[in-house]
$ cat work.txt   # compact mmCIF, C-alpha atoms
# COMPACT_ATOMS: atom_id res chain seq x y z
CA MET A 980 -2.84 -35.22 -19.92
CA ASN A 981 -3.76 -31.89 -18.27
CA ASP A 982 -2.18 -28.96 -20.09
CA ALA A 983 -3.92 -26.34 -17.94
CA ALA A 984 -1.53 -23.66 -16.71
CA PRO A 985 -1.13 -23.47 -12.92
CA LEU A 986 -2.87 -20.64 -11.11
CA ARG A 987 -0.79 -17.59 -10.24
CA ARG A 988 -1.09 -16.62 -6.59
CA ILE A 989 -0.97 -12.85 -6.16
CA TRP A 990 -1.55 -10.32 -3.42
CA LEU A 991 -4.48 -7.94 -3.70
CA CYS A 992 -3.79 -5.38 -1.00
CA ALA A 993 -6.16 -2.69 0.22
CA ASP A 994 -4.27 0.32 1.54
CA ASP A 995 -5.31 2.73 4.28
CA TYR A 996 -7.01 0.58 6.94
CA GLY A 997 -7.41 3.03 9.83
CA LEU A 998 -8.07 6.06 7.64
CA SER A 999 -11.80 6.17 8.38
CA PRO A 1000 -14.60 3.92 9.64
CA GLY A 1001 -16.03 3.67 6.12
CA VAL A 1002 -12.70 2.59 4.64
CA ASN A 1003 -12.28 0.01 7.41
CA ARG A 1004 -15.76 -1.41 6.89
CA ALA A 1005 -15.29 -1.77 3.13
CA ILE A 1006 -11.94 -3.53 3.54
CA ARG A 1007 -13.29 -5.97 6.12
CA ASP A 1008 -16.27 -6.73 3.89
CA LEU A 1009 -14.02 -7.70 0.99
CA ILE A 1010 -11.69 -9.75 3.20
CA GLU A 1011 -14.62 -11.69 4.64
CA ARG A 1012 -15.84 -12.48 1.12
CA GLY A 1013 -12.42 -13.63 -0.09
CA ARG A 1014 -12.02 -10.67 -2.47
CA LEU A 1015 -8.86 -9.32 -0.77
CA ASN A 1016 -5.98 -11.16 0.81
CA ALA A 1017 -3.98 -8.27 2.30
CA THR A 1018 -4.45 -4.89 3.89
CA SER A 1019 -2.01 -2.36 5.31
CA VAL A 1020 -2.79 -0.41 8.45
CA MET A 1021 -2.18 3.28 9.18
CA VAL A 1022 -1.32 3.45 12.87
CA VAL A 1023 -1.47 7.27 12.67
CA GLY A 1024 -4.99 7.18 11.23
CA PRO A 1025 -8.02 8.38 13.22
CA ALA A 1026 -9.89 5.05 12.94
CA ILE A 1027 -7.47 2.50 14.36
CA GLY A 1028 -8.68 1.90 17.90
CA ARG A 1029 -8.91 -1.48 19.61
CA ASP A 1030 -12.38 -2.22 18.24
CA GLU A 1031 -11.29 -1.63 14.64
CA VAL A 1032 -8.21 -3.80 15.15
CA SER A 1033 -10.26 -6.60 16.70
CA ALA A 1034 -12.77 -6.46 13.85
CA LEU A 1035 -9.97 -6.71 11.29
CA GLN A 1036 -8.37 -9.64 13.10
CA THR A 1037 -11.73 -11.44 13.13
CA ALA A 1038 -12.25 -10.82 9.41
CA ALA A 1039 -8.73 -12.01 8.55
CA ALA A 1040 -9.04 -15.12 10.72
CA GLY A 1041 -11.82 -16.41 8.47
CA SER A 1042 -9.81 -15.90 5.28
CA PRO A 1043 -7.68 -18.73 3.87
CA ARG A 1044 -4.79 -16.33 3.27
CA CYS A 1045 -4.91 -12.77 4.51
CA SER A 1046 -1.87 -10.77 5.54
CA ILE A 1047 -1.96 -7.63 7.67
CA GLY A 1048 0.82 -5.10 7.19
CA LEU A 1049 1.89 -1.66 8.30
CA HIS A 1050 1.20 1.34 6.05
CA ILE A 1051 3.96 3.68 7.22
CA THR A 1052 2.87 7.29 6.92
CA LEU A 1053 5.12 10.34 6.51
CA THR A 1054 2.92 12.81 4.63
CA ALA A 1055 0.13 15.27 5.44
CA PRO A 1056 -2.57 15.57 6.67
CA PHE A 1057 -1.33 13.11 9.31
CA ARG A 1058 0.77 13.82 12.37
CA PRO A 1059 3.91 12.05 13.57
CA LEU A 1060 3.97 9.87 16.65
CA THR A 1061 7.39 11.17 17.72
CA MET A 1062 7.71 14.50 19.50
CA HIS A 1063 10.68 15.97 17.67
CA PHE A 1064 9.92 15.05 14.08
CA GLN A 1065 11.02 17.60 11.50
CA PRO A 1066 10.14 19.16 9.12
CA LEU A 1067 6.50 19.81 9.97
CA ASN A 1068 3.75 22.06 8.68
CA GLY A 1069 1.36 23.16 11.43
CA GLY A 1070 2.13 20.05 13.46
CA MET A 1071 1.53 17.76 10.49
CA PHE A 1072 3.90 15.98 8.14
CA LEU A 1073 4.71 17.93 4.99
CA PRO A 1074 2.52 17.31 1.91
CA PHE A 1075 3.64 14.49 -0.36
CA PRO A 1076 5.28 16.69 -3.07
CA LYS A 1077 7.40 18.52 -0.48
CA VAL A 1078 8.56 15.30 1.18
CA LEU A 1079 9.56 13.87 -2.19
CA ARG A 1080 11.35 17.09 -3.19
CA ALA A 1081 13.22 17.24 0.12
CA GLY A 1082 14.35 13.65 -0.33
CA LEU A 1083 15.52 14.25 -3.87
CA LEU A 1084 17.48 17.30 -2.67
CA ARG A 1085 18.92 15.33 0.30
CA ARG A 1086 17.31 17.67 2.81
CA LEU A 1087 15.64 15.07 5.03
CA ASP A 1088 17.16 13.70 8.23
CA PRO A 1089 17.26 9.89 7.97
CA GLU A 1090 17.77 9.52 11.74
CA ILE A 1091 14.59 11.45 12.50
CA ILE A 1092 12.68 9.43 9.89
CA HIS A 1093 14.08 6.18 11.27
CA ALA A 1094 12.94 7.11 14.79
CA GLU A 1095 9.41 7.84 13.55
CA LEU A 1096 9.26 4.56 11.64
CA MET A 1097 10.43 2.58 14.65
CA VAL A 1098 7.63 4.12 16.72
CA GLN A 1099 5.03 3.33 14.03
CA LEU A 1100 6.31 -0.27 13.90
CA ALA A 1101 6.09 -0.46 17.71
CA ALA A 1102 2.54 0.95 17.61
CA PHE A 1103 1.50 -1.80 15.18
CA ASN A 1104 3.03 -4.41 17.47
CA GLU A 1105 1.18 -2.97 20.44
CA LEU A 1106 -2.16 -2.97 18.61
CA PHE A 1107 -1.89 -6.41 16.99
CA GLY A 1108 0.35 -8.23 19.44
CA ARG A 1109 2.89 -9.05 16.74
CA ALA A 1110 5.02 -7.54 14.01
CA PRO A 1111 3.42 -6.81 10.60
CA ASP A 1112 3.47 -9.45 7.86
CA PHE A 1113 4.71 -6.81 5.44
CA VAL A 1114 5.44 -3.08 5.39
CA ASP A 1115 4.57 -0.55 2.70
CA GLY A 1116 4.09 3.21 2.60
CA HIS A 1117 1.33 5.78 2.24
CA GLN A 1118 1.78 7.63 -1.06
CA HIS A 1119 4.78 5.32 -1.70
CA ALA A 1120 6.93 7.29 0.75
CA GLN A 1121 9.05 4.19 1.46
CA LEU A 1122 10.53 4.54 -2.05
CA PHE A 1123 11.70 8.16 -1.67
CA PRO A 1124 15.41 8.98 -1.52
CA GLN A 1125 16.69 9.19 2.09
CA VAL A 1126 13.44 7.66 3.34
CA ARG A 1127 14.14 4.25 1.78
CA ASP A 1128 17.34 3.58 3.71
CA ALA A 1129 15.74 4.58 7.02
CA PHE A 1130 12.71 2.46 6.11
CA LEU A 1131 14.70 -0.68 5.31
CA THR A 1132 16.86 -0.31 8.42
CA ALA A 1133 13.77 0.04 10.62
CA VAL A 1134 12.02 -2.95 9.06
CA LYS A 1135 15.15 -5.08 9.43
CA ALA A 1136 15.36 -4.19 13.11
CA ALA A 1137 11.70 -4.33 14.15
CA ALA A 1138 10.08 -6.77 11.68
CA PRO A 1139 12.88 -8.98 10.32
CA SER A 1140 10.49 -11.56 8.89
CA ALA A 1141 8.37 -9.00 7.04
CA TRP A 1142 8.56 -8.38 3.32
CA VAL A 1143 8.36 -4.88 1.89
CA ARG A 1144 6.51 -3.37 -1.04
CA GLN A 1145 8.30 -2.14 -4.11
CA GLY A 1146 6.34 -0.34 -6.83
CA GLY A 1147 8.06 -1.46 -10.03
CA ARG A 1148 6.14 -3.19 -12.81
CA ASN A 1149 7.20 -6.37 -14.55
CA GLN A 1150 6.36 -5.22 -18.09
CA PRO A 1151 8.19 -4.30 -21.31
CA LEU A 1152 9.29 -0.66 -21.51
CA ALA A 1153 6.87 0.09 -24.36
CA LYS A 1154 3.92 -0.79 -22.11
CA ARG A 1155 5.27 1.16 -19.17
CA LEU A 1156 5.74 4.48 -20.98
CA GLY A 1157 2.02 5.25 -21.26
CA THR A 1158 1.38 5.83 -17.55
CA PRO A 1159 3.60 8.59 -16.07
CA LYS A 1160 2.66 7.92 -12.42
CA ALA A 1161 3.50 4.23 -12.68
CA LEU A 1162 6.68 4.97 -14.65
CA PHE A 1163 7.86 7.27 -11.86
CA LEU A 1164 7.28 4.44 -9.37
CA ASP A 1165 9.31 2.14 -11.63
CA ILE A 1166 12.26 4.53 -11.43
CA LEU A 1167 12.09 4.97 -7.64
CA SER A 1168 11.63 1.23 -7.13
CA ALA A 1169 14.77 0.21 -9.02
CA GLN A 1170 16.98 1.73 -6.30
CA PHE A 1171 14.67 0.46 -3.56
CA ARG A 1172 14.93 -3.15 -4.82
CA ARG A 1173 18.71 -2.98 -4.96
CA ARG A 1174 18.90 -1.73 -1.39
CA ALA A 1175 16.37 -4.31 -0.14
CA SER A 1176 18.33 -7.10 -1.81
CA ARG A 1177 21.57 -5.95 -0.18
CA ALA A 1178 19.78 -5.94 3.19
CA ASN A 1179 18.38 -9.42 2.50
CA ILE A 1180 14.80 -8.16 2.81
CA ALA A 1181 12.16 -9.84 0.64
CA PHE A 1182 9.88 -7.81 -1.63
CA ASN A 1183 7.06 -8.41 -4.09
CA PRO A 1184 8.41 -9.38 -7.54
CA GLY A 1185 5.85 -7.33 -9.45
CA PHE A 1186 3.47 -4.44 -8.79
CA ALA A 1187 0.32 -2.96 -10.31
CA GLY A 1188 -2.57 -0.73 -9.30
CA ALA A 1189 -1.22 2.79 -9.80
CA TYR A 1190 -3.46 5.08 -11.81
CA ASP A 1191 -4.60 8.71 -11.88
CA PHE A 1192 -7.35 8.73 -9.26
CA SER A 1193 -8.39 12.27 -10.17
CA GLN A 1194 -9.62 11.08 -13.57
CA GLN A 1195 -11.97 8.55 -11.91
CA PRO A 1196 -11.52 5.95 -14.66
CA ASP A 1197 -13.51 2.76 -14.98
CA PHE A 1198 -11.83 0.48 -12.43
CA SER A 1199 -13.28 -2.63 -14.07
CA ALA A 1200 -11.37 -1.70 -17.25
CA LEU A 1201 -8.12 -1.16 -15.34
CA MET A 1202 -8.07 -4.46 -13.45
CA PRO A 1203 -7.38 -6.64 -16.55
CA GLN A 1204 -4.39 -4.38 -17.28
CA PHE A 1205 -3.14 -4.81 -13.71
CA LEU A 1206 -3.38 -8.60 -13.98
CA ASP A 1207 -1.62 -8.75 -17.35
CA GLY A 1208 1.90 -10.05 -16.86
CA LEU A 1209 1.82 -9.87 -13.06
CA PRO A 1210 4.10 -12.66 -11.83
CA GLU A 1211 3.52 -15.22 -9.11
CA GLY A 1212 3.66 -13.34 -5.81
CA GLY A 1213 3.04 -9.99 -7.50
CA LEU A 1214 0.93 -7.35 -5.78
CA ILE A 1215 -1.97 -5.18 -6.89
CA MET A 1216 -2.63 -2.13 -4.74
CA CYS A 1217 -6.24 -0.99 -4.31
CA HIS A 1218 -8.19 1.53 -2.24
CA PRO A 1219 -11.76 0.35 -1.55
CA GLY A 1220 -13.86 2.31 0.91
CA PHE A 1221 -17.19 3.82 1.80
CA VAL A 1222 -17.30 7.62 1.90
CA ASP A 1223 -17.87 9.17 5.31
CA GLU A 1224 -17.12 12.54 6.91
CA THR A 1225 -13.74 11.42 8.22
CA LEU A 1226 -12.58 10.25 4.80
CA ALA A 1227 -13.84 13.40 3.08
CA SER A 1228 -11.95 15.58 5.57
CA LEU A 1229 -8.63 13.76 5.12
CA ASP A 1230 -8.29 12.46 1.59
CA PRO A 1231 -9.27 13.57 -1.93
CA LEU A 1232 -9.80 9.94 -2.99
CA THR A 1233 -13.44 9.41 -2.04
CA VAL A 1234 -16.09 8.27 -4.54
CA GLN A 1235 -13.51 6.27 -6.52
CA ARG A 1236 -13.03 4.13 -3.41
CA GLU A 1237 -16.69 3.13 -3.57
CA ARG A 1238 -16.30 2.24 -7.24
CA GLU A 1239 -13.33 0.03 -6.44
CA HIS A 1240 -15.31 -1.68 -3.67
CA ALA A 1241 -18.27 -2.24 -5.97
CA PHE A 1242 -16.13 -3.92 -8.63
CA LEU A 1243 -14.08 -6.05 -6.23
CA GLY A 1244 -17.24 -7.15 -4.46
CA GLY A 1245 -19.22 -7.72 -7.66
CA GLU A 1246 -19.96 -10.81 -9.68
CA HIS A 1247 -17.51 -10.10 -12.52
CA PHE A 1248 -14.30 -9.99 -10.48
CA PRO A 1249 -14.06 -13.74 -9.69
CA HIS A 1250 -14.61 -14.52 -13.38
CA LEU A 1251 -11.83 -12.10 -14.33
CA LEU A 1252 -9.43 -13.82 -11.92
CA ALA A 1253 -10.36 -17.23 -13.28
CA ALA A 1254 -9.96 -16.11 -16.89
CA ASN A 1255 -6.46 -14.87 -16.09
CA LYS A 1256 -5.61 -18.00 -14.09
CA VAL A 1257 -5.08 -16.00 -10.93
CA THR A 1258 -5.99 -16.88 -7.35
CA LEU A 1259 -5.99 -14.95 -4.07
CA GLY A 1260 -6.13 -18.19 -2.06
$ encode --input "work.txt" --output "structure tokens"
Amino acid sequence: MNDAAPLRRIWLCADDYGLSPGVNRAIRDLIERGRLNATSVMVVGPAIGRDEVSALQTAAAGSPRCSIGLHITLTAPFRPLTMHFQPLNGGMFLPFPKVLRAGLLRRLDPEIIHAELMVQLAAFNELFGRAPDFVDGHQHAQLFPQVRDAFLTAVKAAAPSAWVRQGGRNQPLAKRLGTPKALFLDILSAQFRRRASRANIAFNPGFAGAYDFSQQPDFSALMPQFLDGLPEGGLIMCHPGFVDETLASLDPLTVQREREHAFLGGEHFPHLLAANKVTLG
């Protein structure tokens, strides 16, 4: 009799496709090698032309299971696609802390946000010829108060078959208290899940991958923690990339992206998945 536990199928999703050519190249490399099975696309990014879309579609076509989603973006240094979006800072979205603060203080306009999200969803459809498989948010903006209702309404209207990303962990409270960033996502995600359930929109049952990028920790040491307790269908967020001038000009997360790529593309990662009875297939 075979007592072996069944493999858990999870999503390993690389954020920020479209942010820079180096990020795109790293993500495609890992997809082609079966080391990722999802990526989310920034349609407001500077590296999301037809060639980059075609290259991603080709990479995903050779993968046994690879989903392509939309990475909705509402924070600086990116610019909205709609003409009358407010509030802005020098033509750009507000920085992440100000967007979050405005949402918490109920100072955002959900109708304006909804209009921007509908245009970003339409831009994805135009580029890929279909709706996204899933929808998430840059800097977790989809979880913010006032944003989340506009987000779920837009997804329901424009991508009714898509699932959405929530950022709550499936772990005991004692384990969750040690990481403030992830704990904050847990709190925001509780309301998000309730609203998604009421709207009959599917979401990932577990989440991992949040850490303090500024500390540049050993990513190989973090991945076993991310896998621990992640349920079937759970999602790990990652940010692999190769540093180039575009990335350096837009995002503080640079060298750590190369470290993530090196680990995910290295020889130890498949053994780690196997030891934890996890598959991306």
$ atom_distance --input "work.txt" --atom1 "CA of Val1023 (chain A)" --atom2 "CA of Leu1243 (chain A)"
26.3 Å
$ closest_residue --input "work.txt" --among "A:Arg1014, A:Arg1004, A:Arg1238, A:Arg1109" --to "Leu1035 (chain A)" --atoms "only C-alpha atoms"
A:Arg1004
$ residues_around --input "work.txt" --residues "Leu1053 (chain A)" --least-positions-apart "3" --cutoff "10 Å" --atoms "only C-alpha atoms" --output "PyMOL selection string"
chain A and resi 1023+1050+1056-1059+1071-1075+1078+1092+1095-1096+1116-1121+1126
$ residues_near_point --input "work.txt" --point "(14.9, -4.4, 11.8)" --cutoff "12 Å" --atoms "all atoms listed in the file" --output "VMD selection string"
chain A and resid 1093 1096 to 1097 1100 to 1101 1110 to 1111 1114 1128 to 1143 1178 to 1180
$ atom_distance --input "work.txt" --atom1 "CA of Ile1006 (chain A)" --atom2 "CA of Thr1018 (chain A)"
7.6 Å
$ closest_residue --input "work.txt" --among "A:Phe1163, A:Phe1205, A:Phe1171, A:Phe1107" --to "Pro1124 (chain A)" --atoms "all atoms listed in the file"
A:Phe1171
$ closest_residue --input "work.txt" --among "A:Arg1029, A:Arg1044, A:Arg1173, A:Lys1077" --to "Phe1103 (chain A)" --atoms "only C-alpha atoms"
A:Arg1029
$ closest_residue --input "work.txt" --among "A:Glu1224, A:Glu1090, A:Glu1105, A:Asp1197" --to "Pro1025 (chain A)" --atoms "all atoms listed in the file"
A:Glu1224
$ atom_distance --input "work.txt" --atom1 "CA of Leu1201 (chain A)" --atom2 "CA of Leu1164 (chain A)"
17.4 Å
$ closest_residue --input "work.txt" --among "A:Glu1211, A:Asp1230, A:Asp1165, A:Glu1246" --to "Ser1199 (chain A)" --atoms "only C-alpha atoms"
A:Glu1246
$ closest_residue --input "work.txt" --among "A:Leu1229, A:Ala1175, A:Val1234, A:Val1222" --to "Pro1196 (chain A)" --atoms "all atoms listed in the file"
A:Val1234
$ residues_around --input "work.txt" --residues "Gly1001 (chain A)" --least-positions-apart "2" --cutoff "6 Å" --atoms "all atoms listed in the file" --output "number ranges by chain"
A: 999, 1003-1004, 1220-1223
$ residues_around --input "work.txt" --residues "Arg1012 (chain A)" --least-positions-apart "3" --cutoff "12 Å" --atoms "only C-alpha atoms" --output "list in words"
Ala1005, Ile1006, Arg1007, Asp1008, Leu1009, Leu1015, Asn1016, Ala1038, Ala1039, Gly1041, Ser1042, Pro1043, Arg1044, Cys1045, His1240, Leu1243, Gly1244, Gly1245, Glu1246, Phe1248, Pro1249, Leu1259 and Gly1260 of chain A
$ write_last_selection --input "work.txt" --atoms "C-alpha atoms" --output "mmCIF file, in the coordinates of the input"
data_model
loop_
_atom_site.group_PDB
_atom_site.id
_atom_site.type_symbol
_atom_site.label_atom_id
_atom_site.label_comp_id
_atom_site.auth_asym_id
_atom_site.auth_seq_id
_atom_site.Cartn_x
_atom_site.Cartn_y
_atom_site.Cartn_z
ATOM 1 C CA ALA A 1005 -15.290 -1.770 3.130
ATOM 2 C CA ILE A 1006 -11.940 -3.530 3.540
ATOM 3 C CA ARG A 1007 -13.290 -5.970 6.120
ATOM 4 C CA ASP A 1008 -16.270 -6.730 3.890
ATOM 5 C CA LEU A 1009 -14.020 -7.700 0.990
ATOM 6 C CA LEU A 1015 -8.860 -9.320 -0.770
ATOM 7 C CA ASN A 1016 -5.980 -11.160 0.810
ATOM 8 C CA ALA A 1038 -12.250 -10.820 9.410
ATOM 9 C CA ALA A 1039 -8.730 -12.010 8.550
ATOM 10 C CA GLY A 1041 -11.820 -16.410 8.470
ATOM 11 C CA SER A 1042 -9.810 -15.900 5.280
ATOM 12 C CA PRO A 1043 -7.680 -18.730 3.870
ATOM 13 C CA ARG A 1044 -4.790 -16.330 3.270
ATOM 14 C CA CYS A 1045 -4.910 -12.770 4.510
ATOM 15 C CA HIS A 1240 -15.310 -1.680 -3.670
ATOM 16 C CA LEU A 1243 -14.080 -6.050 -6.230
ATOM 17 C CA GLY A 1244 -17.240 -7.150 -4.460
ATOM 18 C CA GLY A 1245 -19.220 -7.720 -7.660
ATOM 19 C CA GLU A 1246 -19.960 -10.810 -9.680
ATOM 20 C CA PHE A 1248 -14.300 -9.990 -10.480
ATOM 21 C CA PRO A 1249 -14.060 -13.740 -9.690
ATOM 22 C CA LEU A 1259 -5.990 -14.950 -4.070
ATOM 23 C CA GLY A 1260 -6.130 -18.190 -2.060
#
$ residues_around --input "work.txt" --residues "Gln1194 (chain A)" --least-positions-apart "5" --cutoff "12 Å" --atoms "all atoms listed in the file" --output "PDB file with C-alpha atoms, in the coordinates of the input"
ATOM      1  CA  PRO A1231      -9.270  13.570  -1.930  1.00  0.00           C
ATOM      2  CA  LEU A1232      -9.800   9.940  -2.990  1.00  0.00           C
ATOM      3  CA  VAL A1234     -16.090   8.270  -4.540  1.00  0.00           C
ATOM      4  CA  GLN A1235     -13.510   6.270  -6.520  1.00  0.00           C
TER       5      GLN A1235
END
